[in-house]
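What follows is the content of target-v6.pdb (PDB, C-alpha atoms).
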ATOM      1  CA  MET A   4      27.547  73.471  33.703
ATOM      2  CA  GLY A   5      25.278  76.443  34.411
ATOM      3  CA  LYS A   6      22.083  74.426  33.950
ATOM      4  CA  GLY A   7      20.812  75.143  37.455
ATOM      5  CA  LEU A   8      21.252  78.875  36.917
ATOM      6  CA  ARG A   9      19.437  78.717  33.575
ATOM      7  CA  ASP A  10      16.508  76.802  35.039
ATOM      8  CA  ALA A  11      16.145  79.054  38.085
ATOM      9  CA  PHE A  12      16.665  82.598  36.799
ATOM     10  CA  ALA A  13      15.397  84.587  33.831
ATOM     11  CA  ALA A  14      18.422  86.872  34.269
ATOM     12  CA  ALA A  15      20.748  83.911  33.691
ATOM     13  CA  ARG A  16      18.806  82.792  30.620
ATOM     14  CA  GLU A  17      19.262  86.291  29.168
ATOM     15  CA  VAL A  18      23.038  86.006  29.461
ATOM     16  CA  PHE A  19      23.187  82.637  27.702
ATOM     17  CA  GLN A  20      20.969  84.019  24.927
ATOM     18  CA  GLU A  21      23.199  87.092  24.526
ATOM     19  CA  VAL A  22      26.274  84.872  24.183
ATOM     20  CA  ASP A  23      24.529  82.657  21.606
ATOM     21  CA  GLU A  24      23.504  85.703  19.567
ATOM     22  CA  ALA A  25      26.963  87.291  19.779
ATOM     23  CA  LEU A  26      28.640  84.119  18.471
ATOM     24  CA  GLY A  27      25.920  83.208  15.993
ATOM     25  CA  GLU A  28      25.590  79.687  17.372
ATOM     26  CA  LYS A  29      24.008  77.742  20.236
ATOM     27  CA  LEU A  30      26.997  77.666  22.587
ATOM     28  CA  SER A  31      24.500  77.356  25.454
ATOM     29  CA  ARG A  32      23.415  73.923  24.215
ATOM     30  CA  LEU A  33      27.041  72.824  24.289
ATOM     31  CA  ILE A  34      27.434  74.260  27.809
ATOM     32  CA  PHE A  35      24.414  72.382  29.165
ATOM     33  CA  GLU A  36      24.562  69.161  27.161
ATOM     34  CA  GLY A  37      28.092  68.714  25.800
ATOM     35  CA  PRO A  38      29.753  66.756  24.339
ATOM     36  CA  GLU A  39      32.558  67.545  26.754
ATOM     37  CA  ALA A  40      35.281  67.041  24.145
ATOM     38  CA  GLU A  41      33.796  69.850  22.047
ATOM     39  CA  LEU A  42      33.083  72.107  25.023
ATOM     40  CA  THR A  43      36.688  71.886  26.241
ATOM     41  CA  LEU A  44      38.109  73.120  22.934
ATOM     42  CA  THR A  45      39.791  76.417  23.753
ATOM     43  CA  ALA A  46      37.605  78.452  21.378
ATOM     44  CA  ASN A  47      34.459  77.133  23.128
ATOM     45  CA  ALA A  48      35.668  76.821  26.706
ATOM     46  CA  GLN A  49      36.703  80.465  27.040
ATOM     47  CA  PRO A  50      33.335  82.090  26.164
ATOM     48  CA  ALA A  51      31.482  79.240  27.898
ATOM     49  CA  LEU A  52      33.153  79.816  31.253
ATOM     50  CA  MET A  53      32.550  83.546  30.921
ATOM     51  CA  ALA A  54      28.858  82.916  30.151
ATOM     52  CA  VAL A  55      28.340  80.862  33.312
ATOM     53  CA  SER A  56      30.107  83.445  35.490
ATOM     54  CA  LEU A  57      28.100  86.332  34.060
ATOM     55  CA  ALA A  58      24.826  84.394  34.308
ATOM     56  CA  ALA A  59      25.452  83.971  38.027
ATOM     57  CA  MET A  60      26.563  87.588  38.365
ATOM     58  CA  ARG A  61      23.474  88.975  36.659
ATOM     59  CA  ALA A  62      21.178  86.745  38.700
ATOM     60  CA  LEU A  63      22.897  87.918  41.859
ATOM     61  CA  ARG A  64      22.200  91.524  40.938
ATOM     62  CA  ARG A  65      18.742  91.162  39.396
ATOM     63  CA  GLU A  66      17.196  88.479  41.591
ATOM     64  CA  PHE A  67      18.906  89.217  44.902
ATOM     65  CA  GLY A  68      19.878  92.895  44.708
ATOM     66  CA  VAL A  69      23.630  92.354  45.165
ATOM     67  CA  PRO A  70      25.504  94.439  42.543
ATOM     68  CA  VAL A  71      29.221  94.150  41.795
ATOM     69  CA  SER A  72      29.646  97.674  43.207
ATOM     70  CA  ARG A  73      29.417  96.088  46.672
ATOM     71  CA  ALA A  74      32.882  94.614  46.031
ATOM     72  CA  ALA A  75      36.172  96.435  46.535
ATOM     73  CA  PHE A  76      37.823  94.793  43.505
ATOM     74  CA  VAL A  77      37.222  92.292  40.734
ATOM     75  CA  ALA A  78      39.833  89.845  39.438
ATOM     76  CA  GLY A  79      39.912  86.865  37.112
ATOM     77  CA  HIS A  80      42.391  84.117  36.339
ATOM     78  CA  SER A  81      43.526  84.230  32.685
ATOM     79  CA  LEU A  82      40.332  84.202  30.568
ATOM     80  CA  GLY A  83      38.464  85.006  33.806
ATOM     81  CA  GLU A  84      39.825  88.520  33.533
ATOM     82  CA  TYR A  85      37.301  89.104  30.736
ATOM     83  CA  SER A  86      34.523  87.794  32.989
ATOM     84  CA  ALA A  87      35.678  90.146  35.737
ATOM     85  CA  LEU A  88      35.694  93.099  33.349
ATOM     86  CA  ALA A  89      32.202  92.250  32.102
ATOM     87  CA  ALA A  90      30.984  91.909  35.695
ATOM     88  CA  ALA A  91      32.403  95.364  36.441
ATOM     89  CA  GLY A  92      30.638  96.836  33.405
ATOM     90  CA  ALA A  93      33.733  97.491  31.290
ATOM     91  CA  LEU A  94      32.669  94.983  28.612
ATOM     92  CA  THR A  95      29.215  93.912  27.511
ATOM     93  CA  VAL A  96      28.526  90.183  27.678
ATOM     94  CA  SER A  97      28.352  90.132  23.861
ATOM     95  CA  ASN A  98      31.697  91.873  23.428
ATOM     96  CA  ALA A  99      33.337  89.635  26.034
ATOM     97  CA  ALA A 100      32.041  86.547  24.206
ATOM     98  CA  ARG A 101      33.346  87.764  20.844
ATOM     99  CA  LEU A 102      36.741  88.721  22.268
ATOM    100  CA  LEU A 103      37.107  85.356  23.995
ATOM    101  CA  ARG A 104      36.224  83.496  20.813
ATOM    102  CA  ILE A 105      38.949  85.467  19.005
ATOM    103  CA  ARG A 106      41.340  84.806  21.907
ATOM    104  CA  GLY A 107      40.625  81.076  21.952
ATOM    105  CA  ASN A 108      41.074  80.704  18.204
ATOM    106  CA  ALA A 109      44.222  82.841  18.168
ATOM    107  CA  MET A 110      45.810  80.867  21.008
ATOM    108  CA  GLN A 111      45.007  77.570  19.301
ATOM    109  CA  GLU A 112      46.445  78.752  15.984
ATOM    110  CA  ALA A 113      49.588  80.378  17.420
ATOM    111  CA  ILE A 114      51.571  77.134  17.424
ATOM    112  CA  PRO A 115      51.036  73.657  15.906
ATOM    113  CA  VAL A 116      49.282  71.142  18.173
ATOM    114  CA  GLY A 117      51.876  69.074  20.025
ATOM    115  CA  ALA A 118      54.694  71.601  19.619
ATOM    116  CA  GLY A 119      54.006  73.159  23.015
ATOM    117  CA  ALA A 120      53.299  71.871  26.507
ATOM    118  CA  MET A 121      52.503  72.931  30.074
ATOM    119  CA  ALA A 122      53.166  71.276  33.427
ATOM    120  CA  ALA A 123      52.136  71.929  37.014
ATOM    121  CA  LEU A 124      54.751  71.874  39.759
ATOM    122  CA  ILE A 125      53.064  70.664  42.920
ATOM    123  CA  GLY A 126      54.015  70.471  46.584
ATOM    124  CA  LYS A 127      56.937  72.196  48.245
ATOM    125  CA  VAL A 128      57.605  74.570  45.376
ATOM    126  CA  ASP A 129      57.390  78.347  45.172
ATOM    127  CA  VAL A 130      57.841  80.677  42.219
ATOM    128  CA  ALA A 131      61.622  80.935  42.772
ATOM    129  CA  ALA A 132      61.975  77.145  42.592
ATOM    130  CA  ALA A 133      59.729  77.090  39.516
ATOM    131  CA  GLU A 134      61.905  79.721  37.824
ATOM    132  CA  GLU A 135      64.981  77.565  38.518
ATOM    133  CA  ILE A 136      63.254  74.550  36.946
ATOM    134  CA  ALA A 137      62.153  76.640  33.960
ATOM    135  CA  ALA A 138      65.702  77.950  33.490
ATOM    136  CA  ALA A 139      67.033  74.380  33.478
ATOM    137  CA  GLY A 140      64.782  73.544  30.544
ATOM    138  CA  GLN A 141      65.656  76.598  28.479
ATOM    139  CA  ALA A 142      68.713  74.971  26.880
ATOM    140  CA  ALA A 143      66.294  72.657  25.072
ATOM    141  CA  GLY A 144      63.621  75.208  24.202
ATOM    142  CA  VAL A 145      61.275  77.917  25.482
ATOM    143  CA  VAL A 146      60.204  77.488  29.128
ATOM    144  CA  VAL A 147      58.686  80.132  31.426
ATOM    145  CA  VAL A 148      56.614  80.315  34.592
ATOM    146  CA  ALA A 149      53.079  80.797  33.244
ATOM    147  CA  ASN A 150      50.781  80.689  36.294
ATOM    148  CA  ASP A 151      51.884  81.534  39.830
ATOM    149  CA  ASN A 152      48.689  80.185  41.377
ATOM    150  CA  ASN A 153      49.798  79.757  44.983
ATOM    151  CA  VAL A 154      52.749  78.298  46.859
ATOM    152  CA  GLY A 155      52.667  74.618  45.976
ATOM    153  CA  ASN A 156      50.948  75.161  42.614
ATOM    154  CA  VAL A 157      53.017  76.822  39.902
ATOM    155  CA  VAL A 158      52.606  76.114  36.183
ATOM    156  CA  ILE A 159      55.362  76.227  33.562
ATOM    157  CA  SER A 160      54.753  76.577  29.833
ATOM    158  CA  GLY A 161      56.761  76.431  26.610
ATOM    159  CA  SER A 162      57.975  74.178  23.821
ATOM    160  CA  LYS A 163      57.558  70.425  24.180
ATOM    161  CA  ALA A 164      61.338  69.889  24.231
ATOM    162  CA  GLY A 165      61.856  72.644  26.796
ATOM    163  CA  ILE A 166      59.119  71.375  29.109
ATOM    164  CA  ASP A 167      60.423  67.792  28.853
ATOM    165  CA  ALA A 168      63.896  68.989  29.887
ATOM    166  CA  ALA A 169      62.440  71.058  32.747
ATOM    167  CA  LEU A 170      60.452  68.052  33.989
ATOM    168  CA  ALA A 171      63.582  65.908  33.962
ATOM    169  CA  TYR A 172      65.326  68.525  36.108
ATOM    170  CA  ALA A 173      62.319  68.741  38.447
ATOM    171  CA  LYS A 174      62.460  64.971  38.938
ATOM    172  CA  GLU A 175      66.171  65.199  39.835
ATOM    173  CA  LYS A 176      65.282  67.861  42.405
ATOM    174  CA  GLY A 177      62.479  65.761  43.895
ATOM    175  CA  VAL A 178      59.758  68.188  42.783
ATOM    176  CA  ARG A 179      56.448  66.601  41.841
ATOM    177  CA  ALA A 180      55.442  67.637  38.331
ATOM    178  CA  ILE A 181      52.324  66.827  36.318
ATOM    179  CA  ALA A 182      52.104  67.327  32.552
ATOM    180  CA  LEU A 183      48.868  69.158  31.771
ATOM    181  CA  ASN A 184      46.427  68.084  29.081
ATOM    182  CA  VAL A 185      46.310  71.395  27.190
ATOM    183  CA  SER A 186      46.126  72.261  23.523
ATOM    184  CA  ALA A 187      48.750  75.025  23.538
ATOM    185  CA  PRO A 188      51.518  76.553  25.724
ATOM    186  CA  PHE A 189      49.433  79.363  27.213
ATOM    187  CA  HIS A 190      51.053  82.416  28.832
ATOM    188  CA  SER A 191      54.399  81.860  27.157
ATOM    189  CA  PRO A 192      56.323  83.750  24.443
ATOM    190  CA  LEU A 193      55.091  81.142  21.950
ATOM    191  CA  MET A 194      51.681  82.858  22.175
ATOM    192  CA  GLN A 195      53.031  86.082  20.626
ATOM    193  CA  PRO A 196      50.916  85.723  17.436
ATOM    194  CA  ALA A 197      47.824  85.461  19.656
ATOM    195  CA  ALA A 198      48.909  88.523  21.655
ATOM    196  CA  GLU A 199      49.134  90.495  18.420
ATOM    197  CA  ALA A 200      45.699  89.296  17.333
ATOM    198  CA  MET A 201      44.238  90.323  20.683
ATOM    199  CA  ALA A 202      45.898  93.744  20.578
ATOM    200  CA  GLU A 203      44.206  94.323  17.214
ATOM    201  CA  ALA A 204      40.813  93.087  18.452
ATOM    202  CA  LEU A 205      41.009  95.040  21.706
ATOM    203  CA  ALA A 206      41.884  98.255  19.845
ATOM    204  CA  LYS A 207      38.431  98.064  18.218
ATOM    205  CA  ALA A 208      36.522  96.943  21.338
ATOM    206  CA  GLU A 209      34.570  99.354  23.506
ATOM    207  CA  ILE A 210      35.837  99.336  27.087
ATOM    208  CA  THR A 211      33.871 101.608  29.414
ATOM    209  CA  PRO A 212      34.719 102.788  32.956
ATOM    210  CA  LEU A 213      34.637 100.061  35.608
ATOM    211  CA  ALA A 214      32.257 100.038  38.550
ATOM    212  CA  VAL A 215      35.168  98.790  40.708
ATOM    213  CA  PRO A 216      38.893  98.397  39.894
ATOM    214  CA  LEU A 217      40.311  95.252  38.301
ATOM    215  CA  VAL A 218      43.352  93.631  39.910
ATOM    216  CA  ALA A 219      45.202  92.683  36.737
ATOM    217  CA  ASN A 220      46.954  89.361  36.106
ATOM    218  CA  VAL A 221      50.031  90.985  34.595
ATOM    219  CA  THR A 222      50.689  93.547  37.352
ATOM    220  CA  ALA A 223      48.901  92.088  40.411
ATOM    221  CA  ARG A 224      47.706  95.632  41.110
ATOM    222  CA  PRO A 225      44.410  97.505  40.579
ATOM    223  CA  VAL A 226      43.709  99.247  37.293
ATOM    224  CA  SER A 227      40.716 101.218  36.041
ATOM    225  CA  GLU A 228      41.772 103.074  32.879
ATOM    226  CA  PRO A 229      40.383 101.518  29.652
ATOM    227  CA  ALA A 230      43.590 102.228  27.687
ATOM    228  CA  THR A 231      45.706 100.469  30.309
ATOM    229  CA  ILE A 232      43.281  97.542  30.415
ATOM    230  CA  ARG A 233      43.574  97.102  26.635
ATOM    231  CA  ARG A 234      47.360  96.968  26.895
ATOM    232  CA  LEU A 235      47.399  94.570  29.838
ATOM    233  CA  LEU A 236      44.889  92.178  28.241
ATOM    234  CA  ALA A 237      47.159  91.879  25.202
ATOM    235  CA  GLU A 238      50.246  91.428  27.400
ATOM    236  CA  GLN A 239      48.400  88.804  29.449
ATOM    237  CA  VAL A 240      48.372  86.358  26.497
ATOM    238  CA  THR A 241      52.146  85.861  26.764
ATOM    239  CA  GLY A 242      52.598  87.121  30.328
ATOM    240  CA  ARG A 243      52.535  85.408  33.698
ATOM    241  CA  VAL A 244      49.262  85.069  35.590
ATOM    242  CA  ARG A 245      50.353  86.536  38.932
ATOM    243  CA  TRP A 246      47.416  85.118  40.855
ATOM    244  CA  ARG A 247      49.197  84.464  44.160
ATOM    245  CA  GLU A 248      50.502  88.024  44.231
ATOM    246  CA  SER A 249      47.078  89.376  43.257
ATOM    247  CA  VAL A 250      45.380  87.566  46.130
ATOM    248  CA  GLU A 251      48.102  88.550  48.587
ATOM    249  CA  TRP A 252      47.771  92.207  47.533
ATOM    250  CA  MET A 253      43.964  92.185  47.839
ATOM    251  CA  ALA A 254      44.085  90.501  51.253
ATOM    252  CA  GLY A 255      46.941  92.712  52.460
ATOM    253  CA  GLU A 256      47.159  96.232  51.125
ATOM    254  CA  GLY A 257      43.694  96.000  49.547
ATOM    255  CA  GLY A 258      42.086  95.009  52.855
ATOM    256  CA  ALA A 259      39.866  92.269  51.392
ATOM    257  CA  ALA A 260      38.658  89.767  53.981
ATOM    258  CA  ARG A 261      36.168  87.886  51.801
ATOM    259  CA  PHE A 262      36.740  86.439  48.323
ATOM    260  CA  VAL A 263      33.755  85.307  46.271
ATOM    261  CA  GLU A 264      34.303  83.043  43.261
ATOM    262  CA  ILE A 265      31.400  83.313  40.830
ATOM    263  CA  GLY A 266      30.862  80.779  38.062
ATOM    264  CA  ALA A 267      31.801  77.150  37.549
ATOM    265  CA  GLY A 268      33.901  75.272  40.099
ATOM    266  CA  LYS A 269      35.911  76.068  43.205
ATOM    267  CA  GLN A 270      39.512  76.113  41.988
ATOM    268  CA  LEU A 271      40.135  79.796  42.668
ATOM    269  CA  SER A 272      38.658  79.552  46.167
ATOM    270  CA  GLY A 273      41.183  76.847  46.962
ATOM    271  CA  MET A 274      44.013  79.028  45.678
ATOM    272  CA  VAL A 275      42.781  81.947  47.787
ATOM    273  CA  LYS A 276      42.726  79.835  50.950
ATOM    274  CA  ARG A 277      46.374  78.883  50.384
ATOM    275  CA  SER A 278      47.552  82.422  49.613
ATOM    276  CA  ALA A 279      45.376  84.302  52.130
ATOM    277  CA  PRO A 280      44.562  81.775  54.878
ATOM    278  CA  GLY A 281      43.111  84.497  57.098
ATOM    279  CA  ALA A 282      40.467  85.451  54.530
ATOM    280  CA  GLU A 283      37.119  83.814  53.828
ATOM    281  CA  ALA A 284      36.749  82.220  50.375
ATOM    282  CA  LEU A 285      33.513  80.867  48.953
ATOM    283  CA  ALA A 286      32.268  79.728  45.553
ATOM    284  CA  LEU A 287      28.852  80.539  44.083
ATOM    285  CA  ASN A 288      27.925  77.908  41.489
ATOM    286  CA  GLU A 289      24.268  77.029  42.032
ATOM    287  CA  PRO A 290      21.053  78.989  42.794
ATOM    288  CA  ALA A 291      21.175  78.021  46.475
ATOM    289  CA  ASP A 292      24.728  79.427  46.706
ATOM    290  CA  LEU A 293      23.530  82.793  45.387
ATOM    291  CA  GLU A 294      20.600  82.882  47.791
ATOM    292  CA  ALA A 295      22.751  82.074  50.823
ATOM    293  CA  PHE A 296      25.355  84.651  49.834
ATOM    294  CA  ALA A 297      22.716  87.349  49.314
ATOM    295  CA  LYS A 298      21.290  86.656  52.769
ATOM    296  CA  SER A 299      24.774  87.030  54.258
ATOM    297  CA  MET A 300      25.060  90.461  52.613
ATOM    298  CA  SER A 301      21.785  91.842  53.940
TER
END
This entry written out as structure tokens:
Amino acid sequence: MGKGLRDAFAAAREVFQEVDEALGEKLSRLIFEGPEAELTLTANAQPALMAVSLAAMRALRREFGVPVSRAAFVAGHSLGEYSALAAAGALTVSNAARLLRIRGNAMQEAIPVGAGAMAALIGKVDVAAAEEIAAAGQAAGVVVVANDNNVGNVVISGSKAGIDAALAYAKEKGVRAIALNVSAPFHSPLMQPAAEAMAEALAKAEITPLAVPLVANVTARPVSEPATIRRLLAEQVTGRVRWRESVEWMAGEGGAARFVEIGAGKQLSGMVKRSAPGAEALALNEPADLEAFAKSMS
């Protein structure tokens, strides 16, 4: 992950070095070489994904002359919101890395391993159907809609007993459900200790004015004020990721016709295509992707 960017661009290498120095360890070696089991630990995965996104973003600006100010908005899914804020200049790469390390550790420590669970509801299911399934599991424990990714992809989160009961109800209703291999019930009330830890960390973090507004996970609307961003980032730990609504707002009222996913993978581009089928969605992962995109912007 990110190796092509590191090899091709000095600007990308700078970002990986800044993240290593901020964390006091060689996270970059883990990003490029693994082992995967260690990289996917929440405390490592969160700053690692941010590092790859920001390496691509800095290379795009430095090597190809395409700054984030060319965009109308930035947005990020869950931890990606920190990447989006760093891309927009609200957070330094170092501060984003430190905050995400705190966030990852706090989320992991909020609840004992195995006590929580998450599941994806796939197919002919919208957020209303997901809320019905979540409600059916609440007699057994905590269950909420955690990620409204797009119609046909909604994630529920909560206690193991609650999720098991919700999945049993989903099966009765003929809804396809897949238990997710996660270490904690993210974006649920069970993450409240992590939300408190992040509120404390964010209160001390410097957040500067954004080059372009952030469309926030919690509100699915643009925000620019640092004080509001601090509050929403803390709320986001337990709150729903309103990604479908965010994309629909950007493509509709926001007037966005082109969505560019920067970093590792193409998951968000797929979600965009389902929520805003009239818009263009592309992912920039490798040096050739950046070059082609820059040419399209000239």
Take the PyMOL selection byres ((chain A and resi 158) around 6), run it mentally on this structure, and tell me the resulting residues as a PDB file with C-alpha atoms, in the coordinates of the input.
ATOM      1  CA  ALA A 122      53.166  71.276  33.427  1.00  0.00           C
ATOM      2  CA  ALA A 123      52.136  71.929  37.014  1.00  0.00           C
ATOM      3  CA  LEU A 124      54.751  71.874  39.759  1.00  0.00           C
ATOM      4  CA  ALA A 149      53.079  80.797  33.244  1.00  0.00           C
ATOM      5  CA  ASN A 150      50.781  80.689  36.294  1.00  0.00           C
ATOM      6  CA  VAL A 157      53.017  76.822  39.902  1.00  0.00           C
ATOM      7  CA  ILE A 159      55.362  76.227  33.562  1.00  0.00           C
TER       8      ILE A 159
END
- Item | Distance criterion (only C-alpha atoms): nearest to Gln239 (chain A) out of A:Asn184, A:Ser191, A:Ser72, A:Gln270 |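 The closest residue to Gln239 (chain A) is A:Ser191.
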- May I have the protein, DNA and RNA residues with an atom at most 10 Å from (50.5, 89.9, 34.8), counting all atoms listed in the file in the file's coordinates, returned as number ranges by chain? A: 81, 149-151, 190, 218-224, 235-236, 238-246, 248-249
- Name the closest residue to Ala260 (chain A) among the candidates A:Glu17, A:Ala75, A:Gly126, A:Asp23; distances are taken between atoms, counting all atoms listed in the file.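 For Ala260 (chain A), the nearest of the given residues is A:Ala75.
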- Item | Target residues per the PyMOL selection byres ((chain A and resi 21) around 12), formatted as JSON, numbers by chain | {"A": [14, 15, 16, 17, 18, 19, 20, 22, 23, 24, 25, 26, 27, 28, 29, 30, 31, 50, 51, 53, 54, 55, 57, 58, 95, 96, 97, 98, 99, 100, 101]}
- Message: Report as a list in words all protein, DNA and RNA residues lying within 8 Å of Asp129 (chain A), evaluated on all atoms listed in the file, omitting residues in the same chain fewer than 5 positions from it.
- Response: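 The residues that qualify are Asn153, Val154, Gly155, Asn156 and Val157 of chain A.
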Could you pull the residues within 8 Å of Pro290 (chain A), counting only C-alpha atoms, minus those fewer than 5 positions along the same chain, as a JSON list (two decimals) with C-alpha atoms, in the coordinates of the input?
[["chain", "number", "residue", "atom", "x", "y", "z"],
["A", 7, "GLY", "CA", 20.81, 75.14, 37.46],
["A", 8, "LEU", "CA", 21.25, 78.88, 36.92],
["A", 11, "ALA", "CA", 16.14, 79.05, 38.08]]
- Task: Name the residues that the PyMOL selection byres ((chain A and resi 213) around 12) picks from the file above, as a list of chain:residue names, using the file's chain letters and numbers.
- Result: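 Matching residues under the PyMOL selection byres ((chain A and resi 213) around 12) are A:Val71, A:Ser72, A:Ala74, A:Ala75, A:Phe76, A:Val77, A:Ala87, A:Leu88, A:Ala89, A:Ala90, A:Ala91, A:Gly92, A:Ala93, A:Leu94, A:Thr95, A:Ile210, A:Thr211, A:Pro212, A:Ala214, A:Val215, A:Pro216, A:Leu217, A:Val218, A:Pro225, A:Val226, A:Ser227, A:Glu228, A:Pro229, A:Ile232.
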- Task: Please measure the separation of CA of Phe189 (chain A) and CA of Ala113 (chain A), giving the value in Å to one decimal.
- Result: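 For CA of Phe189 (chain A) relative to CA of Ala113 (chain A), the distance reads 9.8 Å.
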Give as a PDB file with C-alpha atoms, in the coordinates of the input each residue that has an atom at most 12 Å from (44.8, 81.6, 19.2) in the file, counting all atoms listed in the file.
ATOM      1  CA  LEU A  44      38.109  73.120  22.934  1.00  0.00           C
ATOM      2  CA  THR A  45      39.791  76.417  23.753  1.00  0.00           C
ATOM      3  CA  ALA A  46      37.605  78.452  21.378  1.00  0.00           C
ATOM      4  CA  ASN A  47      34.459  77.133  23.128  1.00  0.00           C
ATOM      5  CA  GLN A  49      36.703  80.465  27.040  1.00  0.00           C
ATOM      6  CA  LEU A 102      36.741  88.721  22.268  1.00  0.00           C
ATOM      7  CA  LEU A 103      37.107  85.356  23.995  1.00  0.00           C
ATOM      8  CA  ARG A 104      36.224  83.496  20.813  1.00  0.00           C
ATOM      9  CA  ILE A 105      38.949  85.467  19.005  1.00  0.00           C
ATOM     10  CA  ARG A 106      41.340  84.806  21.907  1.00  0.00           C
ATOM     11  CA  GLY A 107      40.625  81.076  21.952  1.00  0.00           C
ATOM     12  CA  ASN A 108      41.074  80.704  18.204  1.00  0.00           C
ATOM     13  CA  ALA A 109      44.222  82.841  18.168  1.00  0.00           C
ATOM     14  CA  MET A 110      45.810  80.867  21.008  1.00  0.00           C
ATOM     15  CA  GLN A 111      45.007  77.570  19.301  1.00  0.00           C
ATOM     16  CA  GLU A 112      46.445  78.752  15.984  1.00  0.00           C
ATOM     17  CA  ALA A 113      49.588  80.378  17.420  1.00  0.00           C
ATOM     18  CA  ILE A 114      51.571  77.134  17.424  1.00  0.00           C
ATOM     19  CA  PRO A 115      51.036  73.657  15.906  1.00  0.00           C
ATOM     20  CA  VAL A 116      49.282  71.142  18.173  1.00  0.00           C
ATOM     21  CA  SER A 186      46.126  72.261  23.523  1.00  0.00           C
ATOM     22  CA  ALA A 187      48.750  75.025  23.538  1.00  0.00           C
ATOM     23  CA  PRO A 188      51.518  76.553  25.724  1.00  0.00           C
ATOM     24  CA  PHE A 189      49.433  79.363  27.213  1.00  0.00           C
ATOM     25  CA  HIS A 190      51.053  82.416  28.832  1.00  0.00           C
ATOM     26  CA  LEU A 193      55.091  81.142  21.950  1.00  0.00           C
ATOM     27  CA  MET A 194      51.681  82.858  22.175  1.00  0.00           C
ATOM     28  CA  GLN A 195      53.031  86.082  20.626  1.00  0.00           C
ATOM     29  CA  PRO A 196      50.916  85.723  17.436  1.00  0.00           C
ATOM     30  CA  ALA A 197      47.824  85.461  19.656  1.00  0.00           C
ATOM     31  CA  ALA A 198      48.909  88.523  21.655  1.00  0.00           C
ATOM     32  CA  GLU A 199      49.134  90.495  18.420  1.00  0.00           C
ATOM     33  CA  ALA A 200      45.699  89.296  17.333  1.00  0.00           C
ATOM     34  CA  MET A 201      44.238  90.323  20.683  1.00  0.00           C
ATOM     35  CA  VAL A 240      48.372  86.358  26.497  1.00  0.00           C
ATOM     36  CA  THR A 241      52.146  85.861  26.764  1.00  0.00           C
TER      37      THR A 241
END
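Distance annotation: of A:Glu294, A:Glu256, A:Glu36, A:Glu134, the residue with the minimal separation from Leu63 (chain A) is A:Glu294; atom set is only C-alpha atoms.
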- Task: Calculate how many Å separate CA of Gly255 (chain A) from CA of Ala279 (chain A), rounding to one decimal.
- Result: 8.6 Å
- Item | Å distance separating CA of Val128 (chain A) from CA of Leu271 (chain A), one decimal place |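 Separating CA of Val128 (chain A) from CA of Leu271 (chain A) is a distance of 18.4 Å.
Each of A:Lys276, A:Lys163, A:Arg73, A:Arg247 was checked against Met300 (chain A) using only C-alpha atoms; the smallest atom-to-atom distance is that of A:Arg73.
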- Out of A:Ala142, A:Pro38, A:Ala13, A:Gly258, which residue has the shortest atom-to-atom distance to Arg65 (chain A) when counting all atoms listed in the file?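 Looking at the shortest contact to Arg65 (chain A), the residue is A:Ala13.
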- A:Ile125, A:Leu170, A:Val178, A:Ala282: which is nearest Met253 (chain A), counting all atoms listed in the file? A:Ala282
- Contacts of Phe35 (chain A) at 8 Å (all atoms listed in the file; same-chain gap of 4+ positions) as a ChimeraX atom specification: /A:4-6,31
Adding 4 Å on each side of the box along x, y and z that holds all listed atoms of region 110-116 of chain A, could you give its centre and edge lengths in Å to one decimal, as lines of an AutoDock Vina configuration file?
center_x = 48.3
center_y = 76.0
center_z = 18.5
size_x = 14.6
size_y = 17.7
size_z = 13.1
- Task: Find the residues around Ser272 (chain A) up to 10 Å (all atoms listed in the file counted), leave out those fewer than 5 positions away in its own chain, and share them as JSON, numbers by chain.
- Result: {"A": [262, 263, 264, 265, 277, 278, 283, 284, 285, 286]}
